[in-house]
Amino acid sequence: MTILELFCDVDDFCQTLPPFQFLLTRPALEEQALHAHLIRNRPTGLHLSEIMTILIAFHQSSYRQFKAYYTTEILTHGRADFPKAPTYSRFVELMPRALLHLVIYLYRSFGACTGISFVDSTKLEVCRLKRMNTHRVFKENAALGKTSMGWFYGFKLHLICNDSGELLWVGLTPGDRDDRAALRECFQHDLFSLFGKLFADRGYISQALVTELSNKHHVALHTRLRKNMKCAVPVLSEDALFLRKRAIIESVIDQLKNISQIEHSRHRSPVNFMVNLVCGLIAYSRQPKKPSLIPQAGPLKLVA
């Protein structure tokens with residue numbers, strides 16, 4: 001998708017929403033609100049859809065740093081498309097204004113449940129463990145957690161996708177949050193609906209969770225068993241096959257981190273951290289090809 005096609009889709013989306021701009025121009029951080037009388041609330045030459053387009057296009061590009069992308073592709077080569085683009089420092093100040101629209105746009109980009117879903121979580125480090133005690137940006141939000149790869153300091157990103165690799169739900173919690181508790185919370189949202197079978201790793205093993213999802217939400221949770229556990233109910237061959245195909249969500253996480261750039265340690269604002277994360281999820285949702293269990297039909301070949 002070209003940047004023009006992306007802008008047309010984003011602009012059409014912005015036209016369907018009521019104007020939230022007057023709410024988003026207020027100070028986003030508590031320390032800014034204390035000195036709100038000293039902050040100038042200047043209008044910008046960029047439309048909100050242009051800001052969203054630039055942010056999403058960065059995660060679809062091959063750039064690793066947003067500053068290099070903005071100064072090269074927007075200020076240098078993209079002046080014809082964005083003639084009123086401000087300086088990099090000014091654009092960073094405008095990024096929090098687009099957060100609410102980006103979250104709604106992400107929800108619109110979610111796929112549909114097909115009855116076969118996969119759930120997993122991944123770490124989002126905000127700094128190295130040696131700098132944990134002196135880290136200030138996420139001091140009130142991040143936490144020390146542990147995964148199968150070791151200890152980390154930051155957040156956990158929880159994902160649910162279908163068998164076509166489309167995102168169905170995302171959640172962000174501190175690093176010390178239990179994966180099973182996060183899964184319970186996602187079913188409490190009225191906008192979230194899931195049916196069929198849900199496949200997870202051993203981190204979601206809980207008989208109470210299986211019973212709760214089955215009785216209240218009619219969702220069958222399937223996980224692999226630990227070596228010291230006995231299977232009380234025989235596992236169907238079909239369920240065992242999908243448990244082996246659970247690597248699809250690992251591929252989704254790999255693309256989010258290595259292509260969409262949702263994880264790095266250069267954040268200087270919690271709000272801009274959320275903007276970067278949401279834009280990375282949107283960029284993945286708009287990919288034409290995603291990890292999928294459904295074989296894609298190629299061109300037919302005639303046999304002589």
# chains A, B, ... in the order shown; residues from 1 in each chain; ligands from 1

call {"tool": "select_by_dssp", "arguments": {"residues": "segment 199-251 of chain A", "states": "strand (DSSP E or B)", "output": "ChimeraX atom specification"}}
result
/A:199-200,219-223

call {"tool": "closest_atom_pairs", "arguments": {"of": "segment 84-140 of chain A", "to": "segment 71-76 of chain A", "cutoff": "9 Å", "atoms": "only C-alpha atoms", "output": "Markdown table"}}
result
| residue | atom | partner | partner_atom | distance |
| --- | --- | --- | --- | --- |
| A:Ala85 | CA | A:Leu75 | CA | 6.9 |
| A:Pro86 | CA | A:Leu75 | CA | 8.2 |
| A:Thr87 | CA | A:Leu75 | CA | 7.9 |
| A:Tyr88 | CA | A:Thr71 | CA | 7.0 |

call {"tool": "residues_around", "arguments": {"residues": "His217 of chain A", "least_positions_apart": "5", "cutoff": "8 Å", "atoms": "only C-alpha atoms", "output": "ChimeraX atom specification"}}
result
/A:187,194-195,212

call {"tool": "residues_around", "arguments": {"residues": "segment 249-257 of chain A", "least_positions_apart": "4", "cutoff": "9 Å", "atoms": "only C-alpha atoms", "output": "PyMOL selection string"}}
result
chain A and resi 118-122+159-162+165-167+245+261-264+280-281+283-284+290-291

call {"tool": "write_last_selection", "arguments": {"atoms": "N, CA, C and O atoms", "output": "PDB file, in the first residue's frame"}}
result
ATOM      1  N   PHE A 118      -5.712 -18.264  18.936  1.00  0.00           N
ATOM      2  CA  PHE A 118      -4.460 -18.526  19.643  1.00  0.00           C
ATOM      3  C   PHE A 118      -4.138 -17.323  20.513  1.00  0.00           C
ATOM      4  O   PHE A 118      -4.313 -16.177  20.093  1.00  0.00           O
ATOM      5  N   VAL A 119      -3.653 -17.571  21.726  1.00  0.00           N
ATOM      6  CA  VAL A 119      -3.336 -16.506  22.676  1.00  0.00           C
ATOM      7  C   VAL A 119      -1.915 -16.696  23.175  1.00  0.00           C
ATOM      8  O   VAL A 119      -1.437 -17.823  23.349  1.00  0.00           O
ATOM      9  N   ASP A 120      -1.229 -15.579  23.380  1.00  0.00           N
ATOM     10  CA  ASP A 120       0.124 -15.611  23.918  1.00  0.00           C
ATOM     11  C   ASP A 120       0.478 -14.211  24.386  1.00  0.00           C
ATOM     12  O   ASP A 120      -0.245 -13.243  24.116  1.00  0.00           O
ATOM     13  N   SER A 121       1.598 -14.083  25.083  1.00  0.00           N
ATOM     14  CA  SER A 121       2.087 -12.795  25.547  1.00  0.00           C
ATOM     15  C   SER A 121       3.566 -12.689  25.233  1.00  0.00           C
ATOM     16  O   SER A 121       4.256 -13.705  25.083  1.00  0.00           O
ATOM     17  N   THR A 122       4.058 -11.462  25.160  1.00  0.00           N
ATOM     18  CA  THR A 122       5.467 -11.211  24.902  1.00  0.00           C
ATOM     19  C   THR A 122       5.908 -10.018  25.723  1.00  0.00           C
ATOM     20  O   THR A 122       5.094  -9.147  26.071  1.00  0.00           O
ATOM     21  N   LEU A 159      -1.777 -10.971  23.247  1.00  0.00           N
ATOM     22  CA  LEU A 159      -2.356 -11.003  21.911  1.00  0.00           C
ATOM     23  C   LEU A 159      -3.254 -12.222  21.748  1.00  0.00           C
ATOM     24  O   LEU A 159      -2.980 -13.288  22.295  1.00  0.00           O
ATOM     25  N   ILE A 160      -4.315 -12.040  20.972  1.00  0.00           N
ATOM     26  CA  ILE A 160      -5.154 -13.144  20.510  1.00  0.00           C
ATOM     27  C   ILE A 160      -5.325 -12.975  19.006  1.00  0.00           C
ATOM     28  O   ILE A 160      -5.687 -11.892  18.532  1.00  0.00           O
ATOM     29  N   CYS A 161      -5.054 -14.027  18.253  1.00  0.00           N
ATOM     30  CA  CYS A 161      -5.200 -13.978  16.799  1.00  0.00           C
ATOM     31  C   CYS A 161      -5.983 -15.200  16.335  1.00  0.00           C
ATOM     32  O   CYS A 161      -6.104 -16.195  17.053  1.00  0.00           O
ATOM     33  N   ASN A 162      -6.512 -15.137  15.120  1.00  0.00           N
ATOM     34  CA  ASN A 162      -7.236 -16.271  14.552  1.00  0.00           C
ATOM     35  C   ASN A 162      -6.300 -17.109  13.683  1.00  0.00           C
ATOM     36  O   ASN A 162      -5.090 -16.864  13.627  1.00  0.00           O
ATOM     37  N   GLY A 165      -3.985 -15.291  11.120  1.00  0.00           N
ATOM     38  CA  GLY A 165      -2.987 -14.334  11.573  1.00  0.00           C
ATOM     39  C   GLY A 165      -3.527 -12.956  11.865  1.00  0.00           C
ATOM     40  O   GLY A 165      -2.738 -12.037  12.126  1.00  0.00           O
ATOM     41  N   GLU A 166      -4.840 -12.782  11.873  1.00  0.00           N
ATOM     42  CA  GLU A 166      -5.436 -11.472  12.139  1.00  0.00           C
ATOM     43  C   GLU A 166      -5.613 -11.273  13.638  1.00  0.00           C
ATOM     44  O   GLU A 166      -5.989 -12.206  14.355  1.00  0.00           O
ATOM     45  N   LEU A 167      -5.338 -10.069  14.092  1.00  0.00           N
ATOM     46  CA  LEU A 167      -5.464  -9.766  15.511  1.00  0.00           C
ATOM     47  C   LEU A 167      -6.935  -9.677  15.905  1.00  0.00           C
ATOM     48  O   LEU A 167      -7.752  -9.077  15.203  1.00  0.00           O
ATOM     49  N   LYS A 245       0.315 -26.277  15.959  1.00  0.00           N
ATOM     50  CA  LYS A 245       0.322 -25.131  15.051  1.00  0.00           C
ATOM     51  C   LYS A 245       0.266 -23.803  15.799  1.00  0.00           C
ATOM     52  O   LYS A 245       0.081 -22.754  15.176  1.00  0.00           O
ATOM     53  N   GLN A 261       8.429  -2.746  14.569  1.00  0.00           N
ATOM     54  CA  GLN A 261       9.224  -1.963  15.530  1.00  0.00           C
ATOM     55  C   GLN A 261       8.406  -1.514  16.747  1.00  0.00           C
ATOM     56  O   GLN A 261       8.345  -0.339  17.078  1.00  0.00           O
ATOM     57  N   ILE A 262       7.734  -2.438  17.414  1.00  0.00           N
ATOM     58  CA  ILE A 262       6.932  -2.053  18.582  1.00  0.00           C
ATOM     59  C   ILE A 262       7.751  -2.014  19.865  1.00  0.00           C
ATOM     60  O   ILE A 262       7.257  -1.527  20.886  1.00  0.00           O
ATOM     61  N   GLU A 263       8.991  -2.505  19.826  1.00  0.00           N
ATOM     62  CA  GLU A 263       9.803  -2.560  21.043  1.00  0.00           C
ATOM     63  C   GLU A 263      11.128  -1.858  20.829  1.00  0.00           C
ATOM     64  O   GLU A 263      11.899  -2.215  19.936  1.00  0.00           O
ATOM     65  N   HIS A 264      11.383  -0.839  21.640  1.00  0.00           N
ATOM     66  CA  HIS A 264      12.703  -0.229  21.728  1.00  0.00           C
ATOM     67  C   HIS A 264      12.778   0.526  23.051  1.00  0.00           C
ATOM     68  O   HIS A 264      11.770   0.729  23.731  1.00  0.00           O
ATOM     69  N   GLY A 280       2.345   0.379  15.470  1.00  0.00           N
ATOM     70  CA  GLY A 280       2.939  -0.879  15.051  1.00  0.00           C
ATOM     71  C   GLY A 280       1.910  -1.977  14.870  1.00  0.00           C
ATOM     72  O   GLY A 280       1.988  -2.768  13.922  1.00  0.00           O
ATOM     73  N   LEU A 281       0.914  -2.028  15.752  1.00  0.00           N
ATOM     74  CA  LEU A 281      -0.158  -3.012  15.617  1.00  0.00           C
ATOM     75  C   LEU A 281      -1.014  -2.733  14.387  1.00  0.00           C
ATOM     76  O   LEU A 281      -1.450  -3.663  13.693  1.00  0.00           O
ATOM     77  N   ALA A 283       0.041  -1.198  11.629  1.00  0.00           N
ATOM     78  CA  ALA A 283       0.853  -1.524  10.460  1.00  0.00           C
ATOM     79  C   ALA A 283       0.838  -3.027  10.187  1.00  0.00           C
ATOM     80  O   ALA A 283       0.779  -3.452   9.019  1.00  0.00           O
ATOM     81  N   TYR A 284       0.883  -3.836  11.247  1.00  0.00           N
ATOM     82  CA  TYR A 284       0.796  -5.282  11.032  1.00  0.00           C
ATOM     83  C   TYR A 284      -0.584  -5.683  10.515  1.00  0.00           C
ATOM     84  O   TYR A 284      -0.694  -6.534   9.624  1.00  0.00           O
ATOM     85  N   LYS A 290      -0.091 -12.308   5.977  1.00  0.00           N
ATOM     86  CA  LYS A 290       0.164 -12.569   7.389  1.00  0.00           C
ATOM     87  C   LYS A 290       0.407 -14.054   7.591  1.00  0.00           C
ATOM     88  O   LYS A 290       0.029 -14.884   6.750  1.00  0.00           O
ATOM     89  N   PRO A 291       1.040 -14.427   8.699  1.00  0.00           N
ATOM     90  CA  PRO A 291       1.164 -15.860   9.011  1.00  0.00           C
ATOM     91  C   PRO A 291      -0.215 -16.504   9.107  1.00  0.00           C
ATOM     92  O   PRO A 291      -1.090 -16.012   9.818  1.00  0.00           O
TER      93      PRO A 291
END

call {"tool": "closest_residue", "arguments": {"among": "A:Leu209, A:Leu17, A:Leu106, A:Leu168", "to": "Ala182 of chain A", "atoms": "only C-alpha atoms"}}
result
A:Leu209

call {"tool": "closest_residue", "arguments": {"among": "A:Ser164, A:Gln287, A:Thr114, A:Thr2", "to": "Ile248 of chain A", "atoms": "only C-alpha atoms"}}
result
A:Ser164

call {"tool": "closest_residue", "arguments": {"among": "A:Cys279, A:Leu241, A:Ile205, A:Cys14", "to": "Val103 of chain A", "atoms": "only C-alpha atoms"}}
result
A:Cys279

call {"tool": "residues_around", "arguments": {"residues": "Cys127 of chain A", "least_positions_apart": "2", "cutoff": "7 Å", "atoms": "only C-alpha atoms", "output": "ChimeraX atom specification"}}
result
/A:125,129,131-132,153,265

call {"tool": "select_by_dssp", "arguments": {"residues": "segment 139-243 of chain A", "states": "helix (DSSP H, G or I)", "output": "ChimeraX atom specification"}}
result
/A:179-186,202-204,207-216,237-243

call {"tool": "residues_around", "arguments": {"residues": "Cys8 of chain A", "least_positions_apart": "6", "cutoff": "12 Å", "atoms": "only C-alpha atoms", "output": "list in words"}}
result
Met1, Thr2, Cys14, Gln15, Ser49, Glu50, Met52 and Thr53 of chain A

call {"tool": "write_last_selection", "arguments": {"atoms": "all heavy atoms", "output": "short mmCIF file (atom, residue, chain, number, x, y, z; two decimals), in the first residue's frame"}}
result
data_model
loop_
_atom_site.label_atom_id
_atom_site.label_comp_id
_atom_site.auth_asym_id
_atom_site.auth_seq_id
_atom_site.Cartn_x
_atom_site.Cartn_y
_atom_site.Cartn_z
N MET A 1 0.84 -1.19 0.00
CA MET A 1 0.00 0.00 0.00
C MET A 1 0.88 1.24 0.00
O MET A 1 1.78 1.39 0.83
CB MET A 1 -0.93 0.01 1.22
CG MET A 1 -1.77 1.28 1.33
SD MET A 1 -2.89 1.26 2.73
CE MET A 1 -4.05 0.01 2.18
N THR A 2 0.62 2.14 -0.94
CA THR A 2 1.37 3.38 -1.01
C THR A 2 0.91 4.33 0.08
O THR A 2 -0.14 4.15 0.70
CB THR A 2 1.20 4.02 -2.39
OG1 THR A 2 -0.19 4.36 -2.58
CG2 THR A 2 1.64 3.06 -3.49
N CYS A 14 -11.17 9.32 9.56
CA CYS A 14 -11.28 10.50 10.43
C CYS A 14 -12.55 11.30 10.16
O CYS A 14 -13.09 11.94 11.06
CB CYS A 14 -10.05 11.39 10.25
SG CYS A 14 -8.52 10.68 10.88
N GLN A 15 -13.02 11.26 8.92
CA GLN A 15 -14.24 12.00 8.59
C GLN A 15 -15.48 11.40 9.23
O GLN A 15 -16.49 12.09 9.42
CB GLN A 15 -14.43 12.04 7.06
CG GLN A 15 -13.32 12.76 6.31
CD GLN A 15 -13.21 14.22 6.66
OE1 GLN A 15 -14.20 14.87 7.02
NE2 GLN A 15 -12.00 14.77 6.57
N SER A 49 -5.31 13.46 10.15
CA SER A 49 -5.11 12.30 9.28
C SER A 49 -3.69 12.24 8.72
O SER A 49 -3.15 11.15 8.50
CB SER A 49 -6.13 12.32 8.13
OG SER A 49 -6.02 13.53 7.40
N GLU A 50 -3.07 13.40 8.50
CA GLU A 50 -1.68 13.42 8.03
C GLU A 50 -0.73 12.93 9.12
O GLU A 50 0.24 12.21 8.83
CB GLU A 50 -1.30 14.83 7.58
CG GLU A 50 -2.06 15.31 6.35
CD GLU A 50 -1.68 16.73 5.97
OE1 GLU A 50 -1.88 17.63 6.81
OE2 GLU A 50 -1.17 16.93 4.85
N MET A 52 -1.48 10.81 11.53
CA MET A 52 -1.67 9.36 11.63
C MET A 52 -1.01 8.64 10.46
O MET A 52 -0.42 7.56 10.65
CB MET A 52 -3.17 9.05 11.69
CG MET A 52 -3.87 9.58 12.92
SD MET A 52 -5.67 9.36 12.86
CE MET A 52 -5.80 7.59 12.70
N THR A 53 -1.09 9.20 9.27
CA THR A 53 -0.48 8.56 8.10
C THR A 53 1.02 8.46 8.25
O THR A 53 1.62 7.42 7.95
CB THR A 53 -0.83 9.36 6.83
OG1 THR A 53 -2.26 9.41 6.67
CG2 THR A 53 -0.22 8.71 5.61
#

call {"tool": "atom_distance", "arguments": {"atom1": "atom CA of Ala247 of chain A", "atom2": "atom CA of Pro174 of chain A"}}
result
24.1 Å

call {"tool": "residues_around", "arguments": {"residues": "Phe13 of chain A", "least_positions_apart": "3", "cutoff": "10 Å", "atoms": "only C-alpha atoms", "output": "PyMOL selection string"}}
result
chain A and resi 7-10+16-17+49+101+104-105+108

call {"tool": "write_last_selection", "arguments": {"atoms": "C-alpha atoms", "output": "compact mmCIF listing (two decimals), in the first residue's frame"}}
result
# COMPACT_ATOMS: atom_id res chain seq x y z
CA PHE A 7 -3.76 8.58 3.66
CA CYS A 8 -7.05 8.21 1.77
CA ASP A 9 -8.14 5.34 4.04
CA VAL A 10 -7.09 7.16 7.22
CA THR A 16 -16.58 9.44 10.17
CA LEU A 17 -15.61 10.33 13.75
CA SER A 49 -5.11 12.30 9.28
CA HIS A 101 -8.07 8.13 16.87
CA ILE A 104 -10.24 3.43 17.41
CA TYR A 105 -8.58 2.82 14.04
CA ARG A 108 -11.53 -1.26 13.29

call {"tool": "atom_distance", "arguments": {"atom1": "atom CA of Leu144 of chain A", "atom2": "atom CA of Asp179 of chain A"}}
result
14.4 Å

call {"tool": "closest_residue", "arguments": {"among": "A:Thr223, A:Ser206, A:Phe58, A:Ile294", "to": "Asp163 of chain A", "atoms": "only C-alpha atoms"}}
result
A:Ile294
